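Raw entry_3.txt, compact mmCIF, C-alpha atoms:
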# COMPACT_ATOMS: atom_id res chain seq x y z
CA MET A 1 -55.34 -46.72 23.08
CA LYS A 2 -56.03 -44.91 19.82
CA MET A 3 -56.66 -41.65 21.69
CA ASN A 4 -53.32 -42.02 23.53
CA LYS A 5 -51.48 -42.41 20.22
CA ILE A 6 -53.13 -39.26 18.89
CA VAL A 7 -52.14 -37.31 22.00
CA VAL A 8 -48.53 -38.52 21.71
CA LEU A 9 -48.45 -37.58 18.03
CA LEU A 10 -49.79 -34.09 18.73
CA LEU A 11 -47.28 -33.54 21.51
CA GLY A 12 -44.48 -34.62 19.20
CA LEU A 13 -45.60 -32.27 16.45
CA ALA A 14 -45.89 -29.44 18.96
CA SER A 15 -42.35 -30.00 20.22
CA ILE A 16 -41.02 -30.02 16.63
CA ALA A 17 -42.85 -26.79 15.83
CA GLN A 18 -41.50 -25.22 19.01
CA ALA A 19 -37.93 -26.24 18.10
CA GLN A 20 -38.32 -24.71 14.65
CA VAL A 21 -39.43 -21.26 15.84
CA SER A 22 -37.43 -20.94 19.07
CA PRO A 23 -34.00 -19.32 18.62
CA GLU A 24 -30.65 -21.01 18.66
CA ILE A 25 -28.51 -19.48 21.41
CA GLU A 26 -24.74 -19.33 21.16
CA LEU A 27 -22.29 -18.33 23.87
CA ALA A 28 -18.68 -17.79 22.83
CA ALA A 29 -15.68 -16.53 24.73
CA ARG A 30 -11.97 -16.30 24.16
CA GLY A 31 -9.26 -15.60 26.70
CA VAL A 32 -5.92 -14.38 25.33
CA MET A 33 -3.30 -14.03 28.06
CA SER A 34 0.32 -13.27 27.27
CA GLY A 35 3.47 -12.17 28.98
CA ASN A 36 5.11 -9.53 26.78
CA VAL A 37 8.75 -8.49 26.89
CA ARG A 38 9.74 -5.51 24.73
CA VAL A 39 13.26 -4.36 23.90
CA ASN A 40 13.76 -1.14 21.92
CA ASN A 41 16.73 0.28 20.06
CA ILE A 42 18.33 1.86 23.16
CA ASN A 43 18.38 -1.50 24.93
CA THR A 44 15.66 -0.65 27.43
CA ALA A 45 13.28 -3.48 28.25
CA SER A 46 9.79 -3.65 29.70
CA ALA A 47 7.56 -6.55 30.70
CA VAL A 48 3.77 -6.61 31.02
CA SER A 49 0.95 -9.07 31.56
CA ASP A 50 -1.41 -8.60 28.62
CA PHE A 51 -5.02 -9.81 28.35
CA SER A 52 -6.13 -7.52 25.51
CA ASP A 53 -8.44 -8.97 22.83
CA SER A 54 -10.04 -11.33 25.36
CA GLN A 55 -13.76 -11.16 24.70
CA LEU A 56 -17.26 -12.46 25.31
CA LEU A 57 -19.89 -12.91 22.56
CA LEU A 58 -23.59 -13.78 22.80
CA GLY A 59 -25.63 -14.60 19.70
CA PHE A 60 -29.17 -15.61 18.77
CA LYS A 61 -30.25 -17.19 15.47
CA GLN A 62 -33.84 -17.46 14.37
CA LYS A 63 -35.45 -19.34 11.50
CA LEU A 64 -37.85 -17.07 9.64
CA TYR A 65 -41.04 -18.01 7.79
CA ASN A 66 -39.26 -18.44 4.47
CA SER A 67 -35.77 -19.52 3.42
CA TRP A 68 -34.18 -16.70 5.41
CA ARG A 69 -32.78 -16.69 8.91
CA ALA A 70 -31.87 -13.90 11.31
CA GLN A 71 -29.02 -13.42 13.74
CA MET A 72 -28.47 -10.96 16.58
CA VAL A 73 -25.05 -10.61 18.24
CA PHE A 74 -23.75 -8.70 21.26
CA GLY A 75 -20.08 -8.74 22.18
CA PHE A 76 -17.34 -6.89 24.01
CA GLN A 77 -13.59 -7.23 24.36
CA PHE A 78 -10.83 -5.83 26.54
CA PRO A 79 -8.83 -3.27 24.53
CA ASP A 80 -5.11 -2.55 24.71
CA ALA A 81 -3.90 -1.17 28.03
CA LYS A 82 -2.69 2.11 26.49
CA SER A 83 -5.88 2.80 24.55
CA ASN A 84 -8.39 5.45 25.58
CA LEU A 85 -11.39 3.12 25.09
CA GLY A 86 -11.95 2.39 28.78
CA GLN A 87 -12.09 -1.00 30.49
CA VAL A 88 -14.23 -2.71 27.84
CA PHE A 89 -14.99 -2.05 24.18
CA TYR A 90 -18.21 -3.14 22.47
CA ASN A 91 -16.97 -4.62 19.20
CA HIS A 92 -20.14 -6.41 17.99
CA VAL A 93 -23.74 -5.21 18.21
CA PHE A 94 -25.54 -6.10 14.98
CA LEU A 95 -28.44 -7.79 13.23
CA LYS A 96 -27.99 -10.02 10.20
CA LEU A 97 -30.43 -11.47 7.65
CA GLU A 98 -29.28 -14.21 5.29
CA ASN A 99 -30.22 -17.10 3.11
CA GLN A 100 -28.07 -19.39 0.98
CA LYS A 101 -26.97 -16.67 -1.44
CA ASN A 102 -27.51 -13.34 0.32
CA VAL A 103 -26.22 -11.76 3.53
CA PHE A 104 -27.31 -8.38 4.90
CA LYS A 105 -25.77 -6.94 8.10
CA ILE A 106 -26.32 -3.69 9.95
CA GLY A 107 -24.89 -2.53 13.27
CA ARG A 108 -21.44 -2.45 14.83
CA SER A 109 -18.95 -5.10 13.70
CA THR A 110 -15.65 -5.74 11.92
CA THR A 111 -15.00 -3.48 8.93
CA GLN A 112 -13.82 -4.32 5.41
CA THR A 113 -10.27 -3.14 6.07
CA ILE A 114 -8.59 -6.53 5.62
CA LEU A 115 -9.09 -9.55 3.37
CA GLY A 116 -8.83 -12.80 5.32
CA GLN A 117 -6.80 -13.57 8.44
CA PHE A 118 -3.14 -14.21 9.20
CA PRO A 119 -1.71 -16.67 11.74
CA THR A 120 -0.43 -14.13 14.28
CA LEU A 121 -1.01 -14.12 18.03
CA ARG A 122 -3.33 -11.12 17.89
CA ASP A 123 -4.94 -9.85 14.72
CA ASP A 124 -3.40 -6.38 15.18
CA ASP A 125 0.20 -7.60 15.42
CA ALA A 126 0.80 -6.51 11.81
CA ILE A 127 -1.89 -3.84 11.64
CA GLN A 128 0.30 -1.21 9.91
CA PHE A 129 0.94 -3.69 7.07
CA ASN A 130 -2.24 -5.74 6.58
CA TYR A 131 -5.05 -3.28 7.40
CA ALA A 132 -6.31 -0.28 5.45
CA LEU A 133 -5.80 2.30 8.19
CA ASN A 134 -8.51 4.63 9.47
CA PRO A 135 -7.56 8.19 8.39
CA PHE A 136 -9.81 9.70 11.09
CA SER A 137 -7.86 8.07 13.95
CA ASN A 138 -4.87 9.34 15.94
CA GLY A 139 -3.28 5.88 15.88
CA LEU A 140 -3.58 5.14 19.60
CA ASN A 141 -6.36 2.54 19.31
CA THR A 142 -6.01 -0.42 16.97
CA GLN A 143 -9.78 -0.92 17.24
CA ASP A 144 -10.29 2.30 15.27
CA ASN A 145 -9.14 0.39 12.17
CA GLN A 146 -10.89 -2.91 12.88
CA TYR A 147 -14.43 -1.98 13.96
CA GLY A 148 -17.10 0.48 12.96
CA ASN A 149 -20.80 1.00 12.40
CA VAL A 150 -21.48 -0.93 9.21
CA ILE A 151 -24.07 -1.59 6.54
CA GLU A 152 -23.07 -4.55 4.36
CA TYR A 153 -24.64 -6.63 1.64
CA SER A 154 -23.03 -9.76 0.17
CA HIS A 155 -24.19 -11.99 -2.66
CA ILE A 156 -22.68 -15.46 -2.99
CA PHE A 157 -22.35 -17.02 -6.43
CA LYS A 158 -21.95 -20.81 -6.69
CA GLN A 159 -21.10 -20.98 -2.95
CA ARG A 160 -17.56 -19.66 -3.58
CA TYR A 161 -17.70 -16.18 -5.15
CA TRP A 162 -18.47 -13.36 -2.68
CA LEU A 163 -19.48 -9.92 -3.95
CA THR A 164 -19.77 -7.40 -1.09
CA ILE A 165 -20.67 -3.72 -0.98
CA HIS A 166 -20.45 -1.74 2.24
CA GLY A 167 -20.82 1.61 3.93
CA GLU A 168 -19.11 2.29 7.24
CA ASN A 169 -18.83 4.87 9.98
CA PHE A 170 -15.31 4.90 11.42
CA THR A 171 -14.42 6.59 14.67
CA ASN A 172 -13.64 10.22 13.89
CA LEU A 173 -11.83 11.97 16.74
CA SER A 174 -12.53 15.41 15.27
CA ALA A 175 -16.28 14.68 15.27
CA PRO A 176 -16.95 11.88 17.80
CA GLU A 177 -20.72 12.50 17.82
CA ASN A 178 -21.05 12.22 14.04
CA PHE A 179 -22.43 8.81 13.03
CA GLU A 180 -22.81 9.47 9.31
CA LEU A 181 -21.22 6.97 6.94
CA ASN A 182 -17.69 8.16 6.16
CA ALA A 183 -16.35 5.19 4.17
CA PHE A 184 -17.66 3.22 1.20
CA GLY A 185 -16.42 0.37 -0.92
CA GLY A 186 -16.76 -3.16 -2.16
CA SER A 187 -14.91 -6.42 -2.63
CA PHE A 188 -14.99 -9.53 -4.79
CA GLN A 189 -13.43 -12.75 -3.52
CA TYR A 190 -13.19 -16.40 -4.42
CA ILE A 191 -13.24 -18.37 -1.14
CA VAL A 192 -13.19 -22.14 -0.78
CA PRO A 193 -15.79 -23.15 1.84
CA GLU A 194 -14.43 -24.35 5.18
CA SER A 195 -15.82 -27.84 4.62
CA GLN A 196 -13.81 -28.14 1.37
CA ARG A 197 -10.43 -27.03 2.72
CA TRP A 198 -9.00 -30.53 2.68
CA ASN A 199 -9.94 -31.41 -0.91
CA ARG A 200 -6.37 -30.58 -2.02
CA ASN A 201 -7.30 -27.44 -3.96
CA VAL A 202 -4.18 -25.32 -4.43
CA LEU A 203 -6.09 -22.03 -4.66
CA GLN A 204 -7.82 -21.32 -1.34
CA ARG A 205 -8.70 -17.62 -1.64
CA ILE A 206 -8.14 -14.74 -4.04
CA GLY A 207 -9.76 -11.35 -4.04
CA VAL A 208 -9.63 -7.57 -4.36
CA SER A 209 -11.36 -4.76 -2.51
CA TYR A 210 -11.69 -1.00 -2.67
CA ASN A 211 -12.22 1.47 0.18
CA SER A 212 -12.91 5.20 -0.09
CA TYR A 213 -12.83 7.44 3.00
CA SER A 214 -14.69 10.76 2.96
CA THR A 215 -11.85 12.96 4.24
CA ASN A 216 -11.44 16.74 4.19
CA ARG A 217 -8.63 17.28 1.70
CA PRO A 218 -7.70 20.98 1.62
CA GLY A 219 -8.13 22.60 -1.78
CA TYR A 220 -10.18 19.75 -3.27
CA SER A 221 -13.88 19.02 -3.61
CA GLY A 222 -16.15 16.09 -4.39
CA TYR A 223 -14.64 12.68 -5.02
CA ALA A 224 -11.09 14.10 -5.13
CA LYS A 225 -11.30 14.78 -1.38
CA SER A 226 -11.58 11.06 -0.64
CA LEU A 227 -8.70 8.88 0.53
CA LYS A 228 -8.66 5.64 -1.46
CA ASN A 229 -7.21 2.19 -0.77
CA ILE A 230 -6.99 -0.87 -3.03
CA LEU A 231 -6.39 -4.29 -1.45
CA GLY A 232 -5.49 -7.61 -3.04
CA THR A 233 -4.92 -11.03 -1.48
CA ILE A 234 -4.19 -14.64 -2.35
CA THR A 235 -3.98 -17.83 -0.27
CA LEU A 236 -2.37 -20.96 -1.70
CA ASN A 237 -2.25 -24.48 -0.30
CA VAL A 238 1.43 -25.20 -0.92
CA LYS A 239 1.01 -28.71 0.48
CA PRO A 240 -2.69 -29.52 0.98
CA ASP A 241 -1.96 -32.70 2.92
CA PRO A 242 -4.54 -33.62 5.61
CA VAL A 243 -1.78 -34.35 8.15
CA HIS A 244 1.11 -32.05 7.18
CA PHE A 245 -0.57 -28.93 5.82
CA ILE A 246 1.31 -25.87 4.46
CA ASP A 247 -0.26 -22.67 3.14
CA LEU A 248 0.97 -19.30 1.89
CA LYS A 249 -0.99 -16.07 2.48
CA VAL A 250 -0.10 -12.72 0.92
CA GLN A 251 -1.90 -9.37 0.94
CA GLY A 252 -0.98 -6.02 -0.56
CA ILE A 253 -2.46 -2.56 0.08
CA TYR A 254 -2.00 0.40 -2.23
CA ASN A 255 -2.92 3.65 -0.50
CA VAL A 256 -3.50 6.16 -3.29
CA GLY A 257 -3.09 8.90 -0.70
CA PHE A 258 -2.55 12.63 -1.18
CA SER A 259 0.51 13.40 -3.27
CA GLU A 260 0.94 16.86 -1.71
CA ILE A 261 2.05 15.26 1.61
CA LYS A 262 5.83 15.06 1.17
CA ASN A 263 6.81 14.61 4.82
CA ILE A 264 5.65 12.49 7.75
CA PHE A 265 5.54 14.58 10.91
CA ASN A 266 2.61 12.88 12.64
CA TYR A 267 0.10 10.04 12.31
CA HIS A 268 -2.17 12.19 10.13
CA ASP A 269 0.61 12.41 7.52
CA TYR A 270 1.51 8.74 7.91
CA VAL A 271 -1.98 7.58 6.96
CA ARG A 272 -2.59 10.07 4.15
CA THR A 273 0.67 10.09 2.19
CA PRO A 274 0.78 7.58 -0.72
CA SER A 275 2.13 4.18 0.33
CA PHE A 276 2.29 0.52 -0.54
CA SER A 277 2.38 -2.24 2.05
CA THR A 278 2.52 -5.98 1.79
CA PHE A 279 2.41 -8.78 4.35
CA GLY A 280 2.72 -12.51 3.87
CA THR A 281 2.96 -15.65 5.99
CA ILE A 282 3.82 -19.26 5.39
CA ARG A 283 2.21 -21.64 7.87
CA TYR A 284 2.73 -25.29 8.76
CA LEU A 285 -0.07 -27.19 10.53
CA TYR A 286 0.27 -30.71 11.87
CA ARG A 287 -3.02 -32.55 12.36
CA LYS A 288 -3.02 -35.60 14.59
CA LEU A 289 -6.05 -37.92 14.43
CA GLU A 290 -7.85 -35.26 12.34
CA ARG A 291 -7.37 -32.62 15.04
CA PRO A 292 -5.10 -29.54 14.82
CA PHE A 293 -2.13 -30.25 17.06
CA ILE A 294 0.84 -27.96 16.27
CA GLN A 295 0.96 -24.81 14.16
CA THR A 296 3.98 -22.68 13.33
CA SER A 297 4.36 -19.77 10.94
CA VAL A 298 6.72 -17.02 9.81
CA GLY A 299 5.61 -13.71 8.35
CA PHE A 300 7.23 -10.69 6.72
CA GLY A 301 5.92 -7.22 6.00
CA TYR A 302 7.21 -4.21 4.09
CA LYS A 303 5.80 -0.69 3.71
CA SER A 304 7.17 2.09 1.51
CA PHE A 305 6.13 5.70 0.82
CA SER A 306 6.51 7.03 -2.73
CA GLU A 307 6.46 10.73 -1.76
CA VAL A 308 8.70 10.39 1.32
CA LYS A 309 11.99 9.06 0.04
CA GLY A 310 14.08 6.91 2.38
CA SER A 311 11.17 6.16 4.72
CA GLU A 312 10.12 2.54 5.05
CA GLN A 313 9.00 -0.08 7.57
CA ILE A 314 10.05 -3.71 7.88
CA LEU A 315 8.30 -6.36 9.98
CA ALA A 316 9.17 -9.96 10.85
CA ILE A 317 7.01 -12.34 12.93
CA ALA A 318 7.56 -15.97 13.93
CA ASN A 319 5.35 -18.04 16.21
CA VAL A 320 4.37 -21.53 17.29
CA PHE A 321 1.17 -22.78 18.93
CA TYR A 322 0.65 -26.14 20.62
CA ARG A 323 -2.79 -27.52 21.46
CA LEU A 324 -2.83 -28.80 25.04
CA GLY A 325 -6.47 -29.86 24.90
CA GLU A 326 -9.78 -29.06 23.26
CA ASN A 327 -9.62 -25.35 22.31
CA PHE A 328 -6.74 -24.64 24.72
CA ASP A 329 -3.47 -23.48 23.17
CA VAL A 330 -0.06 -22.48 24.47
CA GLY A 331 2.22 -20.44 22.24
CA PHE A 332 5.25 -18.23 21.71
CA GLN A 333 5.69 -15.35 19.29
CA TYR A 334 8.63 -13.13 18.35
CA ARG A 335 8.01 -9.83 16.55
CA TYR A 336 10.56 -7.39 15.13
CA ILE A 337 9.80 -4.05 13.50
CA SER A 338 12.17 -1.48 12.02
CA ASN A 339 11.25 2.11 11.09
CA ASN A 340 13.53 4.08 8.81
CA GLY A 341 13.73 7.67 7.59
CA GLN A 342 11.12 10.07 8.93
CA LEU A 343 9.23 7.18 10.57
CA GLU A 344 11.95 6.84 13.20
CA ASN A 345 10.82 10.03 14.96
CA LEU A 346 7.21 8.88 14.92
CA PHE A 347 7.50 5.21 15.96
CA GLY A 348 11.09 4.77 17.17
CA LYS A 349 13.95 3.08 15.37
CA GLU A 350 13.21 -0.59 16.10
CA GLN A 351 11.62 -2.94 18.60
CA HIS A 352 11.85 -6.60 19.56
CA ARG A 353 8.86 -8.21 21.28
CA PHE A 354 8.74 -11.66 22.86
CA GLN A 355 5.37 -13.09 23.89
CA PHE A 356 4.48 -16.23 25.82
CA THR A 357 0.76 -16.92 25.65
CA LEU A 358 -2.20 -19.06 26.68
CA VAL A 359 -5.39 -18.99 24.59
CA TYR A 360 -8.68 -20.64 25.60
CA SER A 361 -11.75 -20.58 23.34
CA ILE A 362 -15.32 -21.59 24.18
CA ASP A 363 -18.22 -21.95 21.74
CA GLN A 364 -21.39 -23.42 23.26
CA LEU A 365 -24.68 -23.91 21.39
CA PHE A 366 -28.14 -24.30 22.89
CA ASN A 367 -31.06 -25.54 20.77
CA ASN A 368 -28.69 -26.23 17.85
CA GLN A 369 -30.45 -25.73 14.49
CA PHE A 370 -28.01 -24.29 11.97
CA ASP A 371 -24.63 -24.87 10.33
CA ASN A 372 -21.48 -23.17 11.67
CA ARG A 373 -20.91 -20.68 8.83
CA ASN A 374 -21.84 -17.94 11.28
CA SER A 375 -20.00 -19.27 14.33
CA LEU A 376 -19.36 -16.36 16.68
CA LEU A 377 -15.68 -17.23 16.93
CA ASN A 378 -15.46 -16.91 13.14
CA LEU A 379 -16.25 -13.21 13.59
CA GLU A 380 -12.86 -12.77 15.21
CA HIS A 381 -9.25 -13.86 14.97
CA ASN A 382 -8.44 -17.59 15.02
CA TYR A 383 -5.29 -19.31 16.23
CA ILE A 384 -4.83 -22.99 15.43
CA LYS A 385 -7.35 -23.79 12.69
Using structure tokens, write down the structure that the file contains.
Amino acid sequence: MKMNKIVVLLLGLASIAQAQVSPEIELAARGVMSGNVRVNNINTASAVSDFSDSQLLLGFKQKLYNSWRAQMVFGFQFPDAKSNLGQVFYNHVFLKLENQKNVFKIGRSTTQTILGQFPTLRDDDAIQFNYALNPFSNGLNTQDNQYGNVIEYSHIFKQRYWLTIHGENFTNLSAPENFELNAFGGSFQYIVPESQRWNRNVLQRIGVSYNSYSTNRPGYSGYAKSLKNILGTITLNVKPDPVHFIDLKVQGIYNVGFSEIKNIFNYHDYVRTPSFSTFGTIRYLYRKLERPFIQTSVGFGYKSFSEVKGSEQILAIANVFYRLGENFDVGFQYRYISNNGQLENLFGKEQHRFQFTLVYSIDQLFNNQFDNRNSLLNLEHNYIK
């Protein structure tokens, strides 16, 4: 009898040891399907079935021999129909090392071109207003601004203050085979942890960041050749009620730009001329039985160009999402954009877009060992949250 107890104890210890060293496996997927109707300024309309930004993510997390843990992620998404990225686009292929206060990531992933997220249908719906734009792109692919080959290090102070430095390689159409780092920068943010969102704190997030792109500016050398962007953001809980929740999100981007560019003839000029853009949303979320149930928001954006007088962009977005079941949402979004001055020849005068959508998210864990700070779906855009 005593020998049997010893055998059972050893088997139990062996199973515990195996659970500690075997990886946690996470499978995540998100389907974003929408019917889009577009109406432009000459009253011509077009309709399309859109499944862009649908994606599949596979991740592995491993406990290391000390306080650190490792993560490996592979993921791909379906890009916009008019992009030249092919049928699928690999948006995440990276390794990450982290402990409670430090995070180190290397590989392909999201870039530091935006601070936080906004409650739009797709994260690129306001990309000209809430992203620092890639100056090496031709503007056809939104992914050029959102993803790149990255090296990032973050240090977390008191679980709320995030200091991040990064180097990135953005897609450069003039040198597609060049994988050298062509952007550098850093950010400092105060972020309330997800688990503390409902503690009625008015200030949810505030931060600033700086990006410098290593461009070829004619007639300049050294640091003066670089294109520089400064970003600032703030998120306030206007009504931090656990049932009827209202928040306000605002972000501004100052593109220092090149003052010698006085006209906008193409996308190259559009990205490099000095500009200031801002985008903000106010969101209402109704939680029923502690579950997100209905979310609606309105957002406005404005972009001006100091060296190109009379040119500006105006954006308005309104949407509503309704949760039909666990992680399954139905929604509607209206988007209006107006381009004035020299931007009219580049982007058209104005456009109305109506979108009816279904969104289904899956996040399945196997051999669950860790918290959800690094949930794969947190790598990407969220809808009702």
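Among A:Gly341, A:Gly252, A:Pro23, A:Gly31, the residue with the shortest atom-to-atom distance to Leu115 in chain A, counting all atoms listed in the file, is A:Gly252.
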Proximity of range 78-147 of chain A to range 56-64 of chain A: per-residue shortest pair, 12 Å limit, all atoms listed in the file, as CSV:
residue,atom,partner,partner_atom,distance
A:Phe78,CA,A:Leu56,CA,9.3
A:Val88,CA,A:Leu56,CA,10.5
A:Phe89,CA,A:Leu56,CA,10.7
A:Tyr90,CA,A:Leu56,CA,9.8
A:Asn91,CA,A:Leu57,CA,9.4
A:His92,CA,A:Leu57,CA,7.9
A:Val93,CA,A:Leu57,CA,9.6
A:Phe94,CA,A:Gly59,CA,9.7
A:Leu95,CA,A:Phe60,CA,9.6
A:Lys96,CA,A:Lys61,CA,9.2
A:Leu97,CA,A:Leu64,CA,9.5
A:Glu98,CA,A:Leu64,CA,10.0
A:Asn99,CA,A:Leu64,CA,10.0
A:Ser109,CA,A:Leu57,CA,11.8
Inset, instruction - Quick one: everything within 12 Å of Phe328 in chain A, counting all atoms listed in the file, minus sequence neighbours fewer than 3 positions away in the same chain. Send it as a PyMOL selection string. - result: chain A and resi 30-33+292-294+321-325+331+357-362+383-384
Inset, instruction - Kindly give the distance, in Å, that separates CA of Ile165 in chain A and CA of Lys101 in chain A, rounded to a single decimal. - result: 14.4 Å
Inset, instruction - Would you please work out which residue, of A:Gly280, A:Gly139, A:Gly35, A:Gly148, is nearest to Thr233 in chain A when using only C-alpha atoms? - result: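 Looking only at the distances to Thr233 in chain A, the closest residue turns out to be A:Gly280.
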Tell me, counting all atoms listed in the file, for each residue of range 73-170 of chain A within 10 Å of range 257-271 of chain A, which pair of atoms is nearest and how far apart they are in Å to one decimal, in rows ordered by chain and increasing number, as a tab-separated table.
residue	atom	partner	partner_atom	distance
A:Gln128	CA	A:Val271	CA	9.5
A:Ala132	CA	A:Val271	CA	9.1
A:Leu133	CA	A:Val271	CA	6.6
A:Asn134	CA	A:Val271	CA	7.6
A:Pro135	CA	A:Val271	CA	5.8
A:Phe136	CA	A:His268	CA	8.1
A:Ser137	CA	A:His268	CA	8.0
A:Asn138	CA	A:Tyr267	CA	6.2
A:Gly139	CA	A:Tyr267	CA	6.4
A:Leu140	CA	A:Tyr267	CA	9.5
Inset, instruction - Check the smallest atom-to-atom distance from each of A:Ile114, A:Val243, A:Leu343, A:Val330 to Ser34 in chain A using all atoms listed in the file, then report the winner. - result: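 Of all the options, A:Val330 lies closest to Ser34 in chain A.
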Legend entry - Which residue of A:Val320, A:Val192, A:Ala126, A:Ile253 approaches Phe157 in chain A most closely, using all atoms listed in the file: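 For Phe157 in chain A, the nearest of the candidates is A:Val192.
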Legend entry - Phe276 in chain A environment, 10 Å, only C-alpha atoms, sequence neighbours closer than 3 positions dropped, as a PyMOL selection string: chain A and resi 129+229-231+252-257+302-306+312
Inset, instruction - To one decimal in Å, tell me the separation between CA of Asn201 in chain A and CA of Asn237 in chain A. - result: 6.9 Å
Inset, instruction - Take CA of Asp53 in chain A and CA of Asp363 in chain A and report the distance between them in Å, one decimal. - result: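 So the answer is 16.3 Å.
Of the listed residues (A:Lys105, A:His166, A:Arg38, A:Arg283), A:His166 comes nearest to Ser209 in chain A; the distances count all atoms listed in the file.
Protein, DNA and RNA residues at most 6 Å from (-27.5, -8.6, 3.8), with only C-alpha atoms, are these: Leu97, Asn102, Val103, Phe104, Lys105, Tyr153 and Ser154 of chain A.
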Inset, instruction - May I have the protein, DNA and RNA residues with an atom at most 12 Å from (-14.3, 7.7, 16.6), counting all atoms listed in the file in the file's coordinates, returned as an MDAnalysis selection string? - result: chainID A and resid 84:85 134:149 168:182
Inset, instruction - Go through A:Gln196, A:Asn211, A:Thr120, A:Gln87 one by one, measure the shortest atom-to-atom distance of each to Thr164 in chain A using all atoms listed in the file, and give the residue with the smallest value. - result: A:Asn211
